[in-house]
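Data block below; observations after.
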Amino acid sequence: MMSDAGTRDGDYSSGEVLLSSRTHAKALLAPIVVQALVIVLAYGAGRWIPDLETEMVDLTVVNKVIPIVLYALLFLMEVFFVVMPVVRWMSARFVVTPEVVRMTWGLAQRDSKEILIRNVIQVEMTRHLTDRLFGCGTIVLRGASEGESIALNDVPDVVRVKASGMSMVSKYQLPSVTPVSGFLKT
């Protein structure tokens with residue numbers, strides 16, 4: 001547990017931050033694979049495209065355009081499939097306090113979604129095969145009103161977080177709400 005008077009994502013009334021984390025690093029697996037592919041393709045393209053200065057090749061427009069188009073495509077692959085997912089991962093964060101669970105994301109436009117702990121009536125956990133391999137999962141907190149829910153994807157150490165979340169929900173609930181076997185009923 002960590003205690004702050006305020007956090008980067010906002011100022012919380014109690015000042016106590018129970019959990020602050022970003023999604024699991026498994027989200028970076030696909031960008032790493034694409035990065036390796038881009039490196040191999042760039043190297044292959046560099047070897048495949050003839051050296052126009054040393055070889056006796058007719059310098060036509062096609063010979064000048066092919067390398068530019070090829071490297072432009074590799075650059076676009078780098079931006080859309082490597083840089084953007086990494087920036088998205090770095091900017092996404094969830095914070096749990098005794099009053100609220102807040103998910104924030106975005107770099108240029110900072111968005112957030114939150115749910116009050118006292119409104120949580122159900123806590124669900126989902127773990128797919130890859131989630132179990134990496135020790136993460138998805139936690140969905142459902143609120144009392146329709147459409148009031150928040151999904152925390154790729155939460156590291158999801159089993160521990162769900163257990164502590166369930167105890168926190170039952171601890172910080174309003175007195176009229178009683179927990180019943182993983183679900184809360186009013």
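Residues are referred to by chain and number: the chain letter is A, B, ... according to the order shown in the structure tokens, the number counts from 1 in that chain, and ligands are numbered separately from 1 in the order shown.
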| request: Find the spatial neighbours of range 78-80 of chain A, counting only C-alpha atoms, within a cut-off of 10 Å - ignore same-chain residues fewer than 4 positions away - and output them as a PyMOL selection string. | output: chain A and resi 31+34-35+37-39+72-74+84-86
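Proximity to Arg110 in chain A was assessed for A:Arg88, A:Trp48, A:Ser170, A:Arg22 counting only C-alpha atoms; the smallest distance is recorded for A:Arg88.
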Give me the residues within 12 Å of Ser91 in chain A as a PDB file with N, CA, C and O atoms, in the first residue's frame, counting only C-alpha atoms and dropping any in the same chain fewer than 6 places off.
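Result file is part.pdb:
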```
ATOM      1  N   ARG A   8      -0.615  11.723  -9.609  1.00  0.00           N
ATOM      2  CA  ARG A   8      -0.490  12.346 -10.910  1.00  0.00           C
ATOM      3  C   ARG A   8      -1.832  12.362 -11.637  1.00  0.00           C
ATOM      4  O   ARG A   8      -2.117  13.241 -12.425  1.00  0.00           O
ATOM      5  N   ASP A   9      -2.689  11.382 -11.363  1.00  0.00           N
ATOM      6  CA  ASP A   9      -3.959  11.276 -12.073  1.00  0.00           C
ATOM      7  C   ASP A   9      -5.079  12.077 -11.430  1.00  0.00           C
ATOM      8  O   ASP A   9      -6.167  12.150 -11.952  1.00  0.00           O
ATOM      9  N   SER A  21      -1.218   1.159 -10.643  1.00  0.00           N
ATOM     10  CA  SER A  21      -0.452   0.313 -11.546  1.00  0.00           C
ATOM     11  C   SER A  21      -0.841   0.602 -12.984  1.00  0.00           C
ATOM     12  O   SER A  21      -1.869   1.207 -13.254  1.00  0.00           O
ATOM     13  N   ARG A  22      -0.011   0.141 -13.900  1.00  0.00           N
ATOM     14  CA  ARG A  22      -0.390   0.141 -15.313  1.00  0.00           C
ATOM     15  C   ARG A  22      -0.652  -1.297 -15.698  1.00  0.00           C
ATOM     16  O   ARG A  22      -0.428  -2.202 -14.901  1.00  0.00           O
ATOM     17  N   THR A  23      -1.123  -1.506 -16.898  1.00  0.00           N
ATOM     18  CA  THR A  23      -1.434  -2.859 -17.326  1.00  0.00           C
ATOM     19  C   THR A  23      -0.158  -3.699 -17.397  1.00  0.00           C
ATOM     20  O   THR A  23       0.952  -3.170 -17.406  1.00  0.00           O
ATOM     21  N   MET A  84       2.968   3.465 -31.272  1.00  0.00           N
ATOM     22  CA  MET A  84       1.653   3.786 -30.703  1.00  0.00           C
ATOM     23  C   MET A  84       1.217   2.811 -29.608  1.00  0.00           C
ATOM     24  O   MET A  84       0.733   3.248 -28.559  1.00  0.00           O
ATOM     25  N   PRO A  85       1.361   1.486 -29.780  1.00  0.00           N
ATOM     26  CA  PRO A  85       1.002   0.587 -28.671  1.00  0.00           C
ATOM     27  C   PRO A  85       1.852   0.800 -27.414  1.00  0.00           C
ATOM     28  O   PRO A  85       1.348   0.713 -26.299  1.00  0.00           O
ATOM     29  N   MET A 103      -9.633   4.466 -13.927  1.00  0.00           N
ATOM     30  CA  MET A 103      -8.786   4.057 -15.052  1.00  0.00           C
ATOM     31  C   MET A 103      -8.555   5.285 -15.908  1.00  0.00           C
ATOM     32  O   MET A 103      -9.510   5.965 -16.294  1.00  0.00           O
ATOM     33  N   THR A 104      -7.292   5.617 -16.182  1.00  0.00           N
ATOM     34  CA  THR A 104      -6.964   6.763 -17.032  1.00  0.00           C
ATOM     35  C   THR A 104      -6.123   6.278 -18.206  1.00  0.00           C
ATOM     36  O   THR A 104      -5.351   5.333 -18.082  1.00  0.00           O
ATOM     37  N   TRP A 105      -6.288   6.937 -19.339  1.00  0.00           N
ATOM     38  CA  TRP A 105      -5.541   6.584 -20.530  1.00  0.00           C
ATOM     39  C   TRP A 105      -5.479   7.787 -21.449  1.00  0.00           C
ATOM     40  O   TRP A 105      -6.228   8.737 -21.293  1.00  0.00           O
ATOM     41  N   GLY A 106      -4.559   7.740 -22.382  1.00  0.00           N
ATOM     42  CA  GLY A 106      -4.436   8.787 -23.388  1.00  0.00           C
ATOM     43  C   GLY A 106      -3.241   9.668 -23.141  1.00  0.00           C
ATOM     44  O   GLY A 106      -2.781   9.827 -22.012  1.00  0.00           O
ATOM     45  N   LEU A 107      -2.721  10.224 -24.215  1.00  0.00           N
ATOM     46  CA  LEU A 107      -1.567  11.105 -24.119  1.00  0.00           C
ATOM     47  C   LEU A 107      -1.969  12.526 -24.480  1.00  0.00           C
ATOM     48  O   LEU A 107      -1.892  13.413 -23.651  1.00  0.00           O
ATOM     49  N   ALA A 108      -2.425  12.738 -25.697  1.00  0.00           N
ATOM     50  CA  ALA A 108      -2.852  14.068 -26.112  1.00  0.00           C
ATOM     51  C   ALA A 108      -4.192  14.427 -25.467  1.00  0.00           C
ATOM     52  O   ALA A 108      -4.377  15.526 -24.951  1.00  0.00           O
ATOM     53  N   GLN A 109      -5.108  13.488 -25.480  1.00  0.00           N
ATOM     54  CA  GLN A 109      -6.409  13.667 -24.822  1.00  0.00           C
ATOM     55  C   GLN A 109      -6.463  12.679 -23.670  1.00  0.00           C
ATOM     56  O   GLN A 109      -6.493  11.483 -23.863  1.00  0.00           O
ATOM     57  N   ARG A 110      -6.470  13.171 -22.455  1.00  0.00           N
ATOM     58  CA  ARG A 110      -6.460  12.323 -21.264  1.00  0.00           C
ATOM     59  C   ARG A 110      -7.899  12.000 -20.880  1.00  0.00           C
ATOM     60  O   ARG A 110      -8.681  12.883 -20.547  1.00  0.00           O
ATOM     61  N   ASP A 111      -8.258  10.714 -20.949  1.00  0.00           N
ATOM     62  CA  ASP A 111      -9.599  10.253 -20.597  1.00  0.00           C
ATOM     63  C   ASP A 111      -9.526   9.445 -19.317  1.00  0.00           C
ATOM     64  O   ASP A 111      -8.483   8.878 -18.984  1.00  0.00           O
ATOM     65  N   SER A 112     -10.652   9.384 -18.621  1.00  0.00           N
ATOM     66  CA  SER A 112     -10.699   8.546 -17.423  1.00  0.00           C
ATOM     67  C   SER A 112     -12.107   8.015 -17.223  1.00  0.00           C
ATOM     68  O   SER A 112     -13.078   8.584 -17.707  1.00  0.00           O
TER      69      SER A 112
END
```
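For the set A:Pro156, A:Asn119, A:Ala151, A:Gly44, the residue with the smallest atom-to-atom gap to Gly135 in chain A is A:Pro156, counting only C-alpha atoms.
CA of Val161 in chain A sits 29.1 Å away from CA of Val83 in chain A.
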| said: DSSP on the backbone: which residues in range 18-172 of chain A end up as strand (DSSP E or B)? Give the answer as JSON, numbers by chain. | reply: {"A": [19, 20, 21, 93, 94, 95, 96, 100, 101, 102, 103, 104, 105, 111, 112, 113, 114, 115, 116, 120, 121, 122, 123, 124, 125, 126, 136, 137, 138, 139, 140, 141, 142, 143, 149, 150, 151, 152, 153, 154, 155, 156]}
| field | range 60-151 of chain A: residues DSSP assigns to helix (DSSP H, G or I), reported as a PyMOL selection string | value | chain A and resi 61-91+117-119+129-134
Create the file for the chosen residues now, containing N, CA and C atoms and written as a short mmCIF file (atom, residue, chain, number, x, y, z; two decimals), in the first residue's frame.
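File written: result-v4.cif
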```cif
data_model
loop_
_atom_site.label_atom_id
_atom_site.label_comp_id
_atom_site.auth_asym_id
_atom_site.auth_seq_id
_atom_site.Cartn_x
_atom_site.Cartn_y
_atom_site.Cartn_z
N VAL A 61 13.11 6.38 -62.75
CA VAL A 61 12.26 6.82 -61.65
C VAL A 61 11.89 5.65 -60.75
N VAL A 62 11.65 4.48 -61.34
CA VAL A 62 11.27 3.31 -60.57
C VAL A 62 12.38 2.92 -59.59
N ASN A 63 13.61 2.95 -60.02
CA ASN A 63 14.73 2.60 -59.14
C ASN A 63 14.88 3.58 -57.99
N LYS A 64 14.47 4.80 -58.18
CA LYS A 64 14.54 5.80 -57.11
C LYS A 64 13.34 5.71 -56.18
N VAL A 65 12.18 5.33 -56.72
CA VAL A 65 10.95 5.32 -55.94
C VAL A 65 10.81 4.07 -55.07
N ILE A 66 11.24 2.93 -55.56
CA ILE A 66 11.07 1.67 -54.81
C ILE A 66 11.68 1.76 -53.41
N PRO A 67 12.92 2.20 -53.25
CA PRO A 67 13.46 2.28 -51.88
C PRO A 67 12.70 3.25 -50.99
N ILE A 68 12.27 4.36 -51.55
CA ILE A 68 11.53 5.35 -50.76
C ILE A 68 10.20 4.77 -50.30
N VAL A 69 9.48 4.11 -51.18
CA VAL A 69 8.18 3.52 -50.83
C VAL A 69 8.38 2.40 -49.81
N LEU A 70 9.37 1.57 -50.01
CA LEU A 70 9.63 0.46 -49.11
C LEU A 70 9.97 0.95 -47.70
N TYR A 71 10.86 1.92 -47.61
CA TYR A 71 11.23 2.44 -46.29
C TYR A 71 10.10 3.25 -45.65
N ALA A 72 9.27 3.88 -46.47
CA ALA A 72 8.11 4.59 -45.93
C ALA A 72 7.12 3.61 -45.32
N LEU A 73 6.92 2.46 -45.98
CA LEU A 73 6.03 1.43 -45.42
C LEU A 73 6.59 0.87 -44.12
N LEU A 74 7.88 0.65 -44.07
CA LEU A 74 8.51 0.18 -42.82
C LEU A 74 8.38 1.22 -41.72
N PHE A 75 8.51 2.48 -42.07
CA PHE A 75 8.35 3.55 -41.08
C PHE A 75 6.91 3.57 -40.53
N LEU A 76 5.93 3.43 -41.42
CA LEU A 76 4.53 3.41 -40.98
C LEU A 76 4.25 2.20 -40.09
N MET A 77 4.84 1.04 -40.44
CA MET A 77 4.69 -0.14 -39.58
C MET A 77 5.26 0.15 -38.19
N GLU A 78 6.40 0.80 -38.16
CA GLU A 78 7.05 1.13 -36.89
C GLU A 78 6.16 2.04 -36.04
N VAL A 79 5.61 3.06 -36.67
CA VAL A 79 4.78 4.02 -35.93
C VAL A 79 3.49 3.38 -35.43
N PHE A 80 2.76 2.72 -36.33
CA PHE A 80 1.42 2.22 -35.96
C PHE A 80 1.43 0.93 -35.15
N PHE A 81 2.44 0.09 -35.34
CA PHE A 81 2.42 -1.21 -34.67
C PHE A 81 3.46 -1.34 -33.56
N VAL A 82 4.33 -0.34 -33.39
CA VAL A 82 5.32 -0.39 -32.31
C VAL A 82 5.19 0.83 -31.40
N VAL A 83 5.37 2.01 -31.97
CA VAL A 83 5.40 3.23 -31.14
C VAL A 83 4.05 3.50 -30.49
N MET A 84 2.97 3.47 -31.27
CA MET A 84 1.65 3.79 -30.70
C MET A 84 1.22 2.81 -29.61
N PRO A 85 1.36 1.49 -29.78
CA PRO A 85 1.00 0.59 -28.67
C PRO A 85 1.85 0.80 -27.41
N VAL A 86 3.13 1.11 -27.58
CA VAL A 86 3.99 1.35 -26.41
C VAL A 86 3.56 2.63 -25.70
N VAL A 87 3.27 3.67 -26.44
CA VAL A 87 2.81 4.93 -25.83
C VAL A 87 1.46 4.72 -25.15
N ARG A 88 0.57 3.96 -25.80
CA ARG A 88 -0.74 3.65 -25.21
C ARG A 88 -0.56 2.89 -23.89
N TRP A 89 0.37 1.93 -23.87
CA TRP A 89 0.63 1.16 -22.65
C TRP A 89 1.21 2.06 -21.56
N MET A 90 2.12 2.95 -21.93
CA MET A 90 2.75 3.81 -20.94
C MET A 90 1.79 4.83 -20.35
N SER A 91 0.79 5.23 -21.12
CA SER A 91 -0.12 6.27 -20.64
C SER A 91 -1.34 5.71 -19.89
N ILE A 117 -16.46 3.01 -4.96
CA ILE A 117 -16.42 1.73 -4.27
C ILE A 117 -17.77 1.40 -3.64
N ARG A 118 -18.42 2.41 -3.10
CA ARG A 118 -19.70 2.14 -2.42
C ARG A 118 -20.79 1.70 -3.39
N ASN A 119 -20.60 1.94 -4.70
CA ASN A 119 -21.58 1.53 -5.71
C ASN A 119 -21.29 0.16 -6.31
N LEU A 129 -5.90 -18.11 -21.44
CA LEU A 129 -4.69 -18.91 -21.39
C LEU A 129 -3.44 -18.04 -21.33
N THR A 130 -3.35 -17.04 -22.20
CA THR A 130 -2.17 -16.16 -22.17
C THR A 130 -2.10 -15.37 -20.88
N ASP A 131 -3.25 -15.00 -20.33
CA ASP A 131 -3.27 -14.29 -19.05
C ASP A 131 -2.69 -15.17 -17.95
N ARG A 132 -3.06 -16.44 -17.92
CA ARG A 132 -2.55 -17.35 -16.89
C ARG A 132 -1.05 -17.56 -17.05
N LEU A 133 -0.57 -17.62 -18.30
CA LEU A 133 0.87 -17.78 -18.53
C LEU A 133 1.66 -16.60 -17.99
N PHE A 134 1.11 -15.39 -18.13
CA PHE A 134 1.81 -14.19 -17.70
C PHE A 134 1.41 -13.73 -16.29
#
```
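Here the question is which of A:Ala42, A:Leu19, A:Val33, A:Val123 gets nearest to Pro98 in chain A using only C-alpha atoms, and that residue is A:Leu19.
Between CA of Asp157 in chain A and CA of Ala144 in chain A the interatomic distance comes to 26.4 Å.
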